[in-house]
Each structure stands twice: as structure tokens, then as C-alpha cells.
file data-v1.txt (compact mmCIF, C-alpha atoms)
# COMPACT_ATOMS: atom_id res chain seq x y z
CA MET W 1 0.00 0.00 0.00
CA ARG W 2 1.30 3.41 -1.00
CA VAL W 3 0.49 6.71 0.69
CA ILE W 4 0.60 9.56 -1.83
CA THR W 5 0.33 13.20 -0.81
CA THR W 6 0.95 15.10 -4.06
CA ILE W 7 -1.06 15.39 -7.25
CA SER W 8 2.01 14.80 -9.41
CA ASP W 9 2.82 11.52 -7.66
CA LEU W 10 -0.81 10.42 -7.89
CA LYS W 11 -0.92 11.15 -11.62
CA ALA W 12 2.23 9.09 -12.12
CA ALA W 13 0.85 6.18 -10.11
CA ILE W 14 -2.49 6.19 -11.96
CA LYS W 15 -0.73 6.40 -15.33
CA ALA W 16 1.34 3.33 -14.43
CA GLU W 17 -1.75 1.34 -13.43
CA LYS W 18 -3.67 2.44 -16.52
CA SER W 19 -0.76 1.42 -18.76
CA GLN W 20 -1.30 -2.14 -17.54
CA GLN W 21 -5.02 -1.94 -18.38
CA LYS W 22 -5.99 -2.36 -14.72
CA THR W 23 -9.45 -1.43 -13.50
CA ILE W 24 -9.56 1.19 -10.75
CA GLY W 25 -12.10 1.40 -7.95
CA PHE W 26 -12.23 4.67 -6.00
CA VAL W 27 -13.57 5.47 -2.53
CA PRO W 28 -13.46 9.21 -1.70
CA THR W 29 -13.67 9.97 2.04
CA MET W 30 -12.86 12.58 4.66
CA GLY W 31 -11.20 9.93 6.80
CA TYR W 32 -11.94 8.72 10.34
CA LEU W 33 -12.92 5.46 8.71
CA HIS W 34 -15.62 3.24 10.21
CA GLU W 35 -17.54 0.13 9.13
CA GLY W 36 -19.50 2.13 6.58
CA HIS W 37 -16.29 3.07 4.82
CA LYS W 38 -15.08 -0.52 5.15
CA ALA W 39 -18.16 -1.69 3.24
CA LEU W 40 -17.28 0.69 0.40
CA LEU W 41 -13.69 -0.54 0.35
CA LYS W 42 -14.75 -4.20 0.42
CA LYS W 43 -17.03 -3.64 -2.56
CA ALA W 44 -14.30 -1.79 -4.44
CA ARG W 45 -11.81 -4.59 -3.65
CA GLU W 46 -14.23 -7.23 -4.96
CA GLU W 47 -14.83 -5.44 -8.25
CA ASN W 48 -11.48 -3.89 -9.23
CA GLN W 49 -7.81 -4.70 -9.69
CA VAL W 50 -6.67 -1.46 -8.04
CA VAL W 51 -8.35 0.29 -5.10
CA VAL W 52 -7.69 3.98 -4.45
CA LEU W 53 -8.85 5.63 -1.22
CA SER W 54 -8.75 9.38 -0.80
CA ILE W 55 -8.65 10.95 2.66
CA PHE W 56 -9.18 14.69 2.49
CA VAL W 57 -11.22 16.93 4.78
CA ASN W 58 -12.55 19.30 2.15
CA PRO W 59 -12.91 22.87 3.47
CA LEU W 60 -15.14 23.92 0.57
CA GLN W 61 -18.06 21.87 1.87
CA PHE W 62 -18.04 23.34 5.38
CA GLY W 63 -20.08 26.44 6.16
CA PRO W 64 -18.85 29.32 8.37
CA ASN W 65 -20.45 27.86 11.50
CA GLU W 66 -19.65 24.20 10.82
CA ASP W 67 -17.15 21.84 12.36
CA LEU W 68 -14.16 21.92 9.97
CA GLU W 69 -11.53 22.20 12.70
CA SER W 70 -13.23 19.76 15.06
CA TYR W 71 -14.01 17.19 12.35
CA PRO W 72 -12.53 13.93 13.69
CA ARG W 73 -9.20 12.86 12.21
CA ASP W 74 -7.06 9.78 12.86
CA PHE W 75 -4.82 9.10 9.88
CA GLU W 76 -2.81 6.43 11.64
CA GLN W 77 -5.94 4.38 12.32
CA ASP W 78 -7.21 5.08 8.80
CA GLN W 79 -4.03 3.56 7.38
CA LYS W 80 -4.59 0.40 9.44
CA VAL W 81 -8.14 0.08 8.14
CA ALA W 82 -6.99 0.67 4.57
CA GLN W 83 -4.29 -1.99 4.92
CA GLU W 84 -6.82 -4.49 6.29
CA GLU W 85 -9.23 -3.83 3.43
CA GLY W 86 -6.62 -4.25 0.71
CA VAL W 87 -6.29 -0.64 -0.43
CA ASP W 88 -3.49 -0.14 -2.96
CA ILE W 89 -3.17 3.66 -2.88
CA ILE W 90 -4.14 6.23 -0.25
CA PHE W 91 -4.28 9.76 -1.60
CA HIS W 92 -3.90 12.08 1.39
CA PRO W 93 -3.23 15.61 0.14
CA SER W 94 -3.01 18.85 2.09
CA VAL W 95 -5.47 21.69 1.51
CA THR W 96 -2.79 23.70 -0.28
CA GLU W 97 -2.04 20.73 -2.54
CA MET W 98 -5.68 20.48 -3.59
CA TYR W 99 -6.33 24.22 -3.71
CA PRO W 100 -3.00 26.01 -4.28
CA ASN W 101 -4.75 29.11 -5.63
CA GLU W 102 -8.17 30.69 -5.45
CA LEU W 103 -10.40 28.82 -7.88
CA SER W 104 -10.98 30.65 -11.15
CA VAL W 105 -14.02 28.48 -11.89
CA THR W 106 -16.55 27.40 -9.28
CA MET W 107 -19.29 24.78 -9.45
CA LYS W 108 -22.91 25.51 -8.63
CA VAL W 109 -25.26 22.58 -8.06
CA LYS W 110 -28.73 23.74 -9.14
CA LYS W 111 -30.93 20.72 -8.43
CA ARG W 112 -31.39 18.23 -5.58
CA THR W 113 -29.83 20.65 -3.05
CA ASP W 114 -32.62 22.85 -1.63
CA VAL W 115 -34.11 20.05 0.50
CA LEU W 116 -32.92 17.73 3.29
CA CYS W 117 -29.42 18.64 4.55
CA GLY W 118 -28.82 21.00 1.65
CA GLU W 119 -31.59 23.34 2.75
CA SER W 120 -29.70 24.36 5.88
CA ARG W 121 -26.23 24.12 4.31
CA PRO W 122 -26.11 26.53 1.37
CA GLY W 123 -23.03 25.97 -0.77
CA HIS W 124 -22.24 22.59 0.82
CA PHE W 125 -22.91 20.55 -2.30
CA ASP W 126 -21.08 23.07 -4.46
CA GLY W 127 -18.00 22.19 -2.42
CA VAL W 128 -18.74 18.48 -2.70
CA ALA W 129 -19.14 18.69 -6.47
CA THR W 130 -15.90 20.64 -6.80
CA VAL W 131 -13.73 18.24 -4.84
CA VAL W 132 -15.32 15.12 -6.32
CA SER W 133 -14.78 16.48 -9.84
CA LYS W 134 -11.11 17.12 -9.09
CA LEU W 135 -10.69 13.66 -7.59
CA PHE W 136 -12.44 11.93 -10.49
CA HIS W 137 -10.09 13.66 -12.94
CA LEU W 138 -7.03 12.71 -10.90
CA VAL W 139 -7.90 9.10 -10.08
CA GLN W 140 -9.66 8.28 -13.38
CA PRO W 141 -11.62 5.43 -11.78
CA ASP W 142 -13.74 2.91 -13.60
CA LYS W 143 -16.07 2.79 -10.60
CA ALA W 144 -16.56 5.08 -7.59
CA TYR W 145 -18.31 3.96 -4.40
CA PHE W 146 -20.69 6.01 -2.24
CA GLY W 147 -22.87 5.05 0.71
CA LYS W 148 -26.65 5.29 0.59
CA LYS W 149 -26.62 6.80 4.09
CA ASP W 150 -25.63 10.12 2.51
CA ALA W 151 -28.41 9.72 -0.03
CA GLN W 152 -28.59 13.38 -1.00
CA GLN W 153 -24.86 13.44 -1.68
CA LEU W 154 -25.24 10.27 -3.74
CA ALA W 155 -28.06 11.85 -5.77
CA VAL W 156 -26.03 15.03 -6.38
CA ILE W 157 -22.98 13.06 -7.52
CA GLU W 158 -25.04 10.86 -9.82
CA GLY W 159 -26.42 14.06 -11.36
CA LEU W 160 -22.89 15.46 -11.72
CA VAL W 161 -21.61 12.32 -13.46
CA ASN W 162 -24.59 12.19 -15.81
CA ASP W 163 -24.54 15.92 -16.65
CA PHE W 164 -20.81 16.08 -17.39
CA ASN W 165 -20.41 12.59 -18.87
CA PHE W 166 -17.71 11.42 -16.49
CA PRO W 167 -16.49 8.08 -17.89
CA LEU W 168 -17.15 6.07 -14.73
CA GLN W 169 -19.85 4.16 -12.91
CA ILE W 170 -21.23 5.28 -9.54
CA VAL W 171 -21.84 2.27 -7.27
CA PRO W 172 -24.25 2.88 -4.36
CA VAL W 173 -23.57 0.77 -1.26
CA ASP W 174 -26.13 -0.03 1.45
CA THR W 175 -25.96 1.73 4.81
CA VAL W 176 -23.98 -0.17 7.44
CA ARG W 177 -25.65 -0.29 10.83
CA GLU W 178 -24.86 -1.14 14.43
CA HIS W 179 -26.50 -4.24 15.90
CA ASP W 180 -29.37 -2.05 17.14
CA GLY W 181 -29.96 -0.38 13.78
CA LEU W 182 -28.13 2.92 14.29
CA ALA W 183 -26.42 3.97 11.08
CA LYS W 184 -22.63 3.99 11.34
CA SER W 185 -21.25 7.53 11.38
CA SER W 186 -18.10 9.37 12.38
CA ARG W 187 -20.33 11.64 14.46
CA ASN W 188 -21.71 8.85 16.66
CA VAL W 189 -18.68 9.30 18.94
CA TYR W 190 -20.16 12.65 20.03
CA LEU W 191 -23.32 11.07 21.48
CA SER W 192 -23.66 10.87 25.25
CA GLU W 193 -24.42 7.46 26.75
CA LYS W 194 -28.09 8.40 27.07
CA GLU W 195 -28.27 9.73 23.52
CA ARG W 196 -26.56 6.63 22.15
CA ALA W 197 -29.27 4.51 23.79
CA GLU W 198 -31.97 6.69 22.22
CA ALA W 199 -30.51 7.00 18.73
CA PRO W 200 -31.69 3.64 17.30
CA ALA W 201 -35.22 5.06 17.45
CA LEU W 202 -34.37 7.01 14.28
CA TYR W 203 -34.15 3.86 12.19
CA ARG W 204 -37.08 2.25 14.00
CA SER W 205 -39.22 5.24 13.07
CA LEU W 206 -38.34 4.74 9.40
CA LEU W 207 -39.20 1.05 9.62
CA ASP W 208 -42.55 1.98 11.18
CA ALA W 209 -43.19 4.18 8.16
CA VAL W 210 -42.23 1.40 5.74
CA ASN W 211 -44.78 -0.87 7.42
CA ARG W 212 -47.47 1.82 7.15
CA ILE W 213 -46.76 2.19 3.43
CA LYS W 214 -46.86 -1.56 2.90
CA ALA W 215 -50.22 -1.56 4.68
CA GLY W 216 -51.53 0.91 2.11
CA GLU W 217 -50.83 4.40 3.50
CA VAL W 218 -49.96 6.81 0.65
CA ASN W 219 -50.40 10.20 2.36
CA PRO W 220 -46.89 11.66 2.88
CA GLU W 221 -48.00 13.96 5.70
CA ARG W 222 -49.37 11.09 7.74
CA ILE W 223 -46.22 9.05 7.18
CA VAL W 224 -44.03 11.98 8.22
CA GLN W 225 -46.11 12.25 11.38
CA VAL W 226 -45.54 8.57 12.19
CA ILE W 227 -41.77 9.10 11.94
CA SER W 228 -41.80 12.36 13.90
CA ASP W 229 -43.97 11.01 16.71
CA ARG W 230 -41.64 8.13 17.45
CA ILE W 231 -38.53 10.32 17.43
CA GLN W 232 -40.15 12.87 19.75
CA THR W 233 -41.44 10.16 22.08
CA GLU W 234 -38.30 8.05 22.32
CA THR W 235 -35.43 10.54 22.05
CA SER W 236 -34.26 13.85 23.50
CA GLY W 237 -33.09 14.94 20.06
CA GLN W 238 -34.49 17.89 18.14
CA ILE W 239 -35.88 17.09 14.70
CA ASP W 240 -34.18 19.08 11.95
CA TYR W 241 -36.30 17.57 9.20
CA VAL W 242 -38.37 14.55 8.24
CA SER W 243 -39.05 14.41 4.51
CA ILE W 244 -40.48 12.15 1.84
CA LEU W 245 -39.25 12.96 -1.66
CA THR W 246 -38.88 11.36 -5.07
CA TYR W 247 -35.53 9.67 -5.60
CA PRO W 248 -33.06 10.51 -7.01
CA ASP W 249 -34.61 13.82 -8.17
CA LEU W 250 -35.55 14.82 -4.58
CA GLU W 251 -38.79 16.51 -5.48
CA LYS W 252 -41.96 16.89 -3.40
CA VAL W 253 -44.47 14.03 -3.49
CA GLU W 254 -48.24 14.35 -3.27
CA VAL W 255 -48.77 10.60 -3.10
CA VAL W 256 -46.21 8.04 -1.89
CA GLN W 257 -45.54 5.84 -4.90
CA GLY W 258 -42.79 4.98 -7.36
CA ASN W 259 -39.17 5.52 -6.30
CA PHE W 260 -38.87 7.67 -3.19
CA ILE W 261 -36.81 8.37 -0.09
CA MET W 262 -37.83 8.87 3.51
CA ALA W 263 -35.07 10.86 5.17
CA LEU W 264 -34.51 12.49 8.54
CA ALA W 265 -32.01 14.52 10.50
CA VAL W 266 -32.02 14.86 14.27
CA LYS W 267 -29.85 17.12 16.41
CA PHE W 268 -28.53 15.82 19.71
CA SER W 269 -26.39 17.89 22.09
CA LYS W 270 -23.13 17.48 20.16
CA ALA W 271 -24.08 15.50 17.07
CA ARG W 272 -26.49 15.79 14.17
CA LEU W 273 -27.49 12.37 12.85
CA ILE W 274 -29.03 11.54 9.49
CA ASP W 275 -30.70 8.38 8.24
CA ASN W 276 -32.95 7.31 5.40
CA VAL W 277 -34.73 4.49 3.64
CA ILE W 278 -34.92 4.43 -0.16
CA LEU W 279 -37.82 2.45 -1.62
CA VAL W 280 -37.69 1.45 -5.27
CA GLU W 281 -40.75 0.31 -7.21
CA GLU W 282 -40.32 -3.29 -8.30

call {"tool": "encode", "arguments": {"input": "data-v1.txt", "output": "C-alpha cells"}}
result
Amino acid sequence: MRVITTISDLKAAIKAEKSQQKTIGFVPTMGYLHEGHKALLKKAREENQVVVLSIFVNPLQFGPNEDLESYPRDFEQDQKVAQEEGVDIIFHPSVTEMYPNELSVTMKVKKRTDVLCGESRPGHFDGVATVVSKLFHLVQPDKAYFGKKDAQQLAVIEGLVNDFNFPLQIVPVDTVREHDGLAKSSRNVYLSEKERAEAPALYRSLLDAVNRIKAGEVNPERIVQVISDRIQTETSGQIDYVSILTYPDLEKVEVVQGNFIMALAVKFSKARLIDNVILVEE
């Protein structure tokens, strides 16, 4: 496993792999790897001859009041995880390596961003689109792997790839959960013991909603209420949003049918947790 910190070295390494006609699987991350990231790496390892992992805390996707400096980092542990999962190349650049000068061209994501997390984080997905575009150009992957837990991010990136004809395949990977259903997240470490015990109610509320839909409920407002009631009853968290939208276009629904997502975000004292269920018409 190689750790590469410069763009020039990464380009040389990718050129060498491409010259041997090897397929490249890419997992872009901000580090502090957990089981969710491991699932992405496992999938990439299964499907490609070369696996590239990027670890870069991207400042462009953090707002002025967000946790850039306090975002958890543990590169030594990340290297151990990468080694265990068979990663071939870790790309771990500095901010100045990725953004040596003020950008002369910026990206503006116009759709799929004014709902869910994007509604309260203006500019966030512009930063995501910018860094992902740079990384796709540098790594030149055949496939890139993203978790369904960050479903809005996945939808935005799928739109980016389709709109700009990136020559790669986006591979969605199912959310990895704790034994009690809580979605794996780097931010779970910020939950108090009491909050950690409450947090699985988020996923249970989504499963309640799935059961209501299977029983014939198609009114999105009533389904949102089912989710909200359980969260408010069983947790001390503050609901940021509970939404039902079409997927992947993330548009409002009048009737729950077709392909859609039920998504939520809940604020605890030191952590904001997100979760979702995506239902696809068979």
C-alpha cells in the first residue's frame, strides 16, 4: 500500500496502473474510517484490480459555523483500516495541494440541493461537487463507491456524473448499521451514553413508516407524522427535518408511490445524525 500526498505523484501512479489496463475502484472519504467506509472498500476490492482511497477533509463543503476544525481525524488508524481492506493507494493531500490558488471556476449545483441537509447548508454541495470532480479527474476510476446513508450526496454526484459525462460508474452501497440499527457515522462518537441509547429510534421510526406504506398508507403527511412522533417520544433529540421525496430527483411528493426516499435529521447535544430508507418500485 502506498500513501501519496501530491497530485504529481498520484498522476504518475495512476498512469502506471492504466498502462497495464488495470481497473480502478475509487472510494473518496474525509477519513476517520468506520464500518460504513469498510463496506465501500470491500465492494471496491471485490470489483477492481486497483483500489484507491482518498482521505481529504474538504474545506469547501463546510459552512462558516460548521465543524471543519473539530471534524474527527485519525490518519494512523485510517491507514490500518486501509491496509486491512486491501487498499493499494491512499491519496492524502493537504489543503494547499488540492487548492493552491483561489479557484478561477466554481461549481454551482442547481438541483437536488434545496431540500434535506442541503436546505440548511447553502453551498455545501457546491463544495462536494468541486472536490469530487477534481478527484475523479485525478484518479480516473472505472467505478466510484458512495454510501446510501448520505443519499442526497449520492443523488447530487449521480447528477454530476450524468450531466458532465464522467467516464465512470457510480456504485451505491447499502448503509452499514450497528446491531441495534443505528447507522454507522463518524459523528456517533459525540453522542452521550443516554443519547446513544436513544438513537436507534431514528431507524425504527423509518421502519414503522415502511410498514405503514406496505399496509396501504400513501399520504406523505401522515407518514411523516408517524416518523416524527416516534422520534419525539423516544429521544431527546431535536428534529431538523423529516421528509419524503422522489428519488433521485428529490422533489416533493403528493402521493407516496414509485421511487422515493424517507429521510430524517435529528440534532442531539453534540451530534447531528441523518438516516434514510430508499424504496424502489419493483

call {"tool": "residues_around", "arguments": {"input": "data-v1.txt", "residues": "W:Thr106", "least_positions_apart": "3", "cutoff": "10 Å", "atoms": "all atoms listed in the file", "output": "ChimeraX atom specification"}}
result
/W:102-103,126-127,129-130

call {"tool": "closest_residue", "arguments": {"input": "data-v1.txt", "among": "W:Val277, W:Ala265, W:Val224, W:Leu135", "to": "W:Val253", "atoms": "all atoms listed in the file"}}
result
W:Val224

call {"tool": "closest_residue", "arguments": {"input": "data-v1.txt", "among": "W:Gly25, W:His92, W:Glu46, W:Lys38", "to": "W:Thr6", "atoms": "all atoms listed in the file"}}
result
W:His92

call {"tool": "atom_distance", "arguments": {"input": "data-v1.txt", "atom1": "atom CA of W:Glu76", "atom2": "atom CA of W:Ser269"}}
result
28.2 Å

call {"tool": "residues_around", "arguments": {"input": "data-v1.txt", "residues": "W:Val128", "least_positions_apart": "5", "cutoff": "10 Å", "atoms": "all atoms listed in the file", "output": "number ranges by chain"}}
result
W: 58-62, 107, 109, 123, 133, 153, 156-157

call {"tool": "residues_around", "arguments": {"input": "data-v1.txt", "residues": "W:Pro141", "least_positions_apart": "2", "cutoff": "7 Å", "atoms": "all atoms listed in the file", "output": "ChimeraX atom specification"}}
result
/W:24-26,136,139,143-144,168

call {"tool": "closest_residue", "arguments": {"input": "data-v1.txt", "among": "W:Val81, W:Asn48, W:His137, W:Phe146", "to": "W:Thr29", "atoms": "all atoms listed in the file"}}
result
W:Phe146

call {"tool": "closest_residue", "arguments": {"input": "data-v1.txt", "among": "W:Ile244, W:Leu191, W:Val255, W:Leu10", "to": "W:Val218", "atoms": "only C-alpha atoms"}}
result
W:Val255

call {"tool": "build_atoms", "arguments": {"input": "data-v1.txt", "residues": "stretch 72-104 of chain W", "atoms": "N, CA and C atoms", "output": "PDB file, in the frame of the given file"}}
result
ATOM      1  N   PRO W  72     -13.470  14.937  13.157  1.00  0.00           N
ATOM      2  CA  PRO W  72     -12.530  13.930  13.690  1.00  0.00           C
ATOM      3  C   PRO W  72     -11.521  13.443  12.659  1.00  0.00           C
ATOM      4  N   ARG W  73     -10.283  13.323  13.091  1.00  0.00           N
ATOM      5  CA  ARG W  73      -9.200  12.860  12.210  1.00  0.00           C
ATOM      6  C   ARG W  73      -8.338  11.860  12.965  1.00  0.00           C
ATOM      7  N   ASP W  74      -7.963  10.775  12.275  1.00  0.00           N
ATOM      8  CA  ASP W  74      -7.060   9.780  12.860  1.00  0.00           C
ATOM      9  C   ASP W  74      -6.406   9.027  11.700  1.00  0.00           C
ATOM     10  N   PHE W  75      -5.415   9.662  11.101  1.00  0.00           N
ATOM     11  CA  PHE W  75      -4.820   9.100   9.880  1.00  0.00           C
ATOM     12  C   PHE W  75      -4.098   7.788  10.149  1.00  0.00           C
ATOM     13  N   GLU W  76      -3.515   7.674  11.315  1.00  0.00           N
ATOM     14  CA  GLU W  76      -2.810   6.430  11.640  1.00  0.00           C
ATOM     15  C   GLU W  76      -3.782   5.245  11.656  1.00  0.00           C
ATOM     16  N   GLN W  77      -4.929   5.441  12.293  1.00  0.00           N
ATOM     17  CA  GLN W  77      -5.940   4.380  12.320  1.00  0.00           C
ATOM     18  C   GLN W  77      -6.511   4.148  10.924  1.00  0.00           C
ATOM     19  N   ASP W  78      -6.699   5.221  10.169  1.00  0.00           N
ATOM     20  CA  ASP W  78      -7.210   5.080   8.800  1.00  0.00           C
ATOM     21  C   ASP W  78      -6.286   4.214   7.944  1.00  0.00           C
ATOM     22  N   GLN W  79      -4.987   4.384   8.138  1.00  0.00           N
ATOM     23  CA  GLN W  79      -4.030   3.560   7.380  1.00  0.00           C
ATOM     24  C   GLN W  79      -4.181   2.078   7.731  1.00  0.00           C
ATOM     25  N   LYS W  80      -4.413   1.798   9.015  1.00  0.00           N
ATOM     26  CA  LYS W  80      -4.590   0.400   9.440  1.00  0.00           C
ATOM     27  C   LYS W  80      -5.833  -0.205   8.773  1.00  0.00           C
ATOM     28  N   VAL W  81      -6.908   0.560   8.768  1.00  0.00           N
ATOM     29  CA  VAL W  81      -8.140   0.080   8.140  1.00  0.00           C
ATOM     30  C   VAL W  81      -7.910  -0.153   6.643  1.00  0.00           C
ATOM     31  N   ALA W  82      -7.254   0.795   6.003  1.00  0.00           N
ATOM     32  CA  ALA W  82      -6.990   0.670   4.570  1.00  0.00           C
ATOM     33  C   ALA W  82      -6.158  -0.565   4.266  1.00  0.00           C
ATOM     34  N   GLN W  83      -5.147  -0.811   5.098  1.00  0.00           N
ATOM     35  CA  GLN W  83      -4.290  -1.990   4.920  1.00  0.00           C
ATOM     36  C   GLN W  83      -5.121  -3.260   5.048  1.00  0.00           C
ATOM     37  N   GLU W  84      -5.975  -3.308   6.062  1.00  0.00           N
ATOM     38  CA  GLU W  84      -6.820  -4.490   6.290  1.00  0.00           C
ATOM     39  C   GLU W  84      -7.779  -4.748   5.135  1.00  0.00           C
ATOM     40  N   GLU W  85      -8.236  -3.681   4.497  1.00  0.00           N
ATOM     41  CA  GLU W  85      -9.230  -3.830   3.430  1.00  0.00           C
ATOM     42  C   GLU W  85      -8.603  -3.939   2.038  1.00  0.00           C
ATOM     43  N   GLY W  86      -7.289  -4.011   1.987  1.00  0.00           N
ATOM     44  CA  GLY W  86      -6.620  -4.250   0.710  1.00  0.00           C
ATOM     45  C   GLY W  86      -6.511  -3.047  -0.203  1.00  0.00           C
ATOM     46  N   VAL W  87      -6.465  -1.854   0.372  1.00  0.00           N
ATOM     47  CA  VAL W  87      -6.290  -0.640  -0.430  1.00  0.00           C
ATOM     48  C   VAL W  87      -4.888  -0.627  -1.040  1.00  0.00           C
ATOM     49  N   ASP W  88      -4.791  -0.218  -2.292  1.00  0.00           N
ATOM     50  CA  ASP W  88      -3.490  -0.140  -2.960  1.00  0.00           C
ATOM     51  C   ASP W  88      -2.851   1.239  -2.825  1.00  0.00           C
ATOM     52  N   ILE W  89      -3.689   2.284  -2.936  1.00  0.00           N
ATOM     53  CA  ILE W  89      -3.170   3.660  -2.880  1.00  0.00           C
ATOM     54  C   ILE W  89      -4.070   4.495  -1.980  1.00  0.00           C
ATOM     55  N   ILE W  90      -3.445   5.188  -1.011  1.00  0.00           N
ATOM     56  CA  ILE W  90      -4.140   6.230  -0.250  1.00  0.00           C
ATOM     57  C   ILE W  90      -3.671   7.575  -0.781  1.00  0.00           C
ATOM     58  N   PHE W  91      -4.607   8.394  -1.208  1.00  0.00           N
ATOM     59  CA  PHE W  91      -4.280   9.760  -1.600  1.00  0.00           C
ATOM     60  C   PHE W  91      -4.679  10.672  -0.449  1.00  0.00           C
ATOM     61  N   HIS W  92      -3.682  11.294   0.174  1.00  0.00           N
ATOM     62  CA  HIS W  92      -3.900  12.080   1.390  1.00  0.00           C
ATOM     63  C   HIS W  92      -3.232  13.449   1.220  1.00  0.00           C
ATOM     64  N   PRO W  93      -3.848  14.311   0.419  1.00  0.00           N
ATOM     65  CA  PRO W  93      -3.230  15.610   0.140  1.00  0.00           C
ATOM     66  C   PRO W  93      -3.524  16.654   1.205  1.00  0.00           C
ATOM     67  N   SER W  94      -2.735  17.693   1.226  1.00  0.00           N
ATOM     68  CA  SER W  94      -3.010  18.850   2.090  1.00  0.00           C
ATOM     69  C   SER W  94      -4.013  19.759   1.376  1.00  0.00           C
ATOM     70  N   VAL W  95      -4.545  20.727   2.112  1.00  0.00           N
ATOM     71  CA  VAL W  95      -5.470  21.690   1.510  1.00  0.00           C
ATOM     72  C   VAL W  95      -4.758  22.509   0.439  1.00  0.00           C
ATOM     73  N   THR W  96      -3.524  22.904   0.703  1.00  0.00           N
ATOM     74  CA  THR W  96      -2.790  23.700  -0.280  1.00  0.00           C
ATOM     75  C   THR W  96      -2.429  22.888  -1.523  1.00  0.00           C
ATOM     76  N   GLU W  97      -2.295  21.578  -1.368  1.00  0.00           N
ATOM     77  CA  GLU W  97      -2.040  20.730  -2.540  1.00  0.00           C
ATOM     78  C   GLU W  97      -3.285  20.667  -3.431  1.00  0.00           C
ATOM     79  N   MET W  98      -4.434  20.561  -2.813  1.00  0.00           N
ATOM     80  CA  MET W  98      -5.680  20.480  -3.590  1.00  0.00           C
ATOM     81  C   MET W  98      -6.124  21.840  -4.122  1.00  0.00           C
ATOM     82  N   TYR W  99      -5.896  22.880  -3.315  1.00  0.00           N
ATOM     83  CA  TYR W  99      -6.330  24.220  -3.710  1.00  0.00           C
ATOM     84  C   TYR W  99      -5.176  25.208  -3.543  1.00  0.00           C
ATOM     85  N   PRO W 100      -4.174  25.135  -4.430  1.00  0.00           N
ATOM     86  CA  PRO W 100      -3.000  26.010  -4.280  1.00  0.00           C
ATOM     87  C   PRO W 100      -3.315  27.480  -4.533  1.00  0.00           C
ATOM     88  N   ASN W 101      -4.363  27.731  -5.311  1.00  0.00           N
ATOM     89  CA  ASN W 101      -4.750  29.110  -5.630  1.00  0.00           C
ATOM     90  C   ASN W 101      -6.267  29.233  -5.501  1.00  0.00           C
ATOM     91  N   GLU W 102      -6.723  30.471  -5.421  1.00  0.00           N
ATOM     92  CA  GLU W 102      -8.170  30.690  -5.450  1.00  0.00           C
ATOM     93  C   GLU W 102      -8.721  30.160  -6.759  1.00  0.00           C
ATOM     94  N   LEU W 103      -9.833  29.431  -6.678  1.00  0.00           N
ATOM     95  CA  LEU W 103     -10.400  28.820  -7.880  1.00  0.00           C
ATOM     96  C   LEU W 103     -10.884  29.885  -8.856  1.00  0.00           C
ATOM     97  N   SER W 104     -10.525  29.711 -10.114  1.00  0.00           N
ATOM     98  CA  SER W 104     -10.980  30.650 -11.150  1.00  0.00           C
ATOM     99  C   SER W 104     -12.337  30.239 -11.706  1.00  0.00           C
TER     100      SER W 104
END
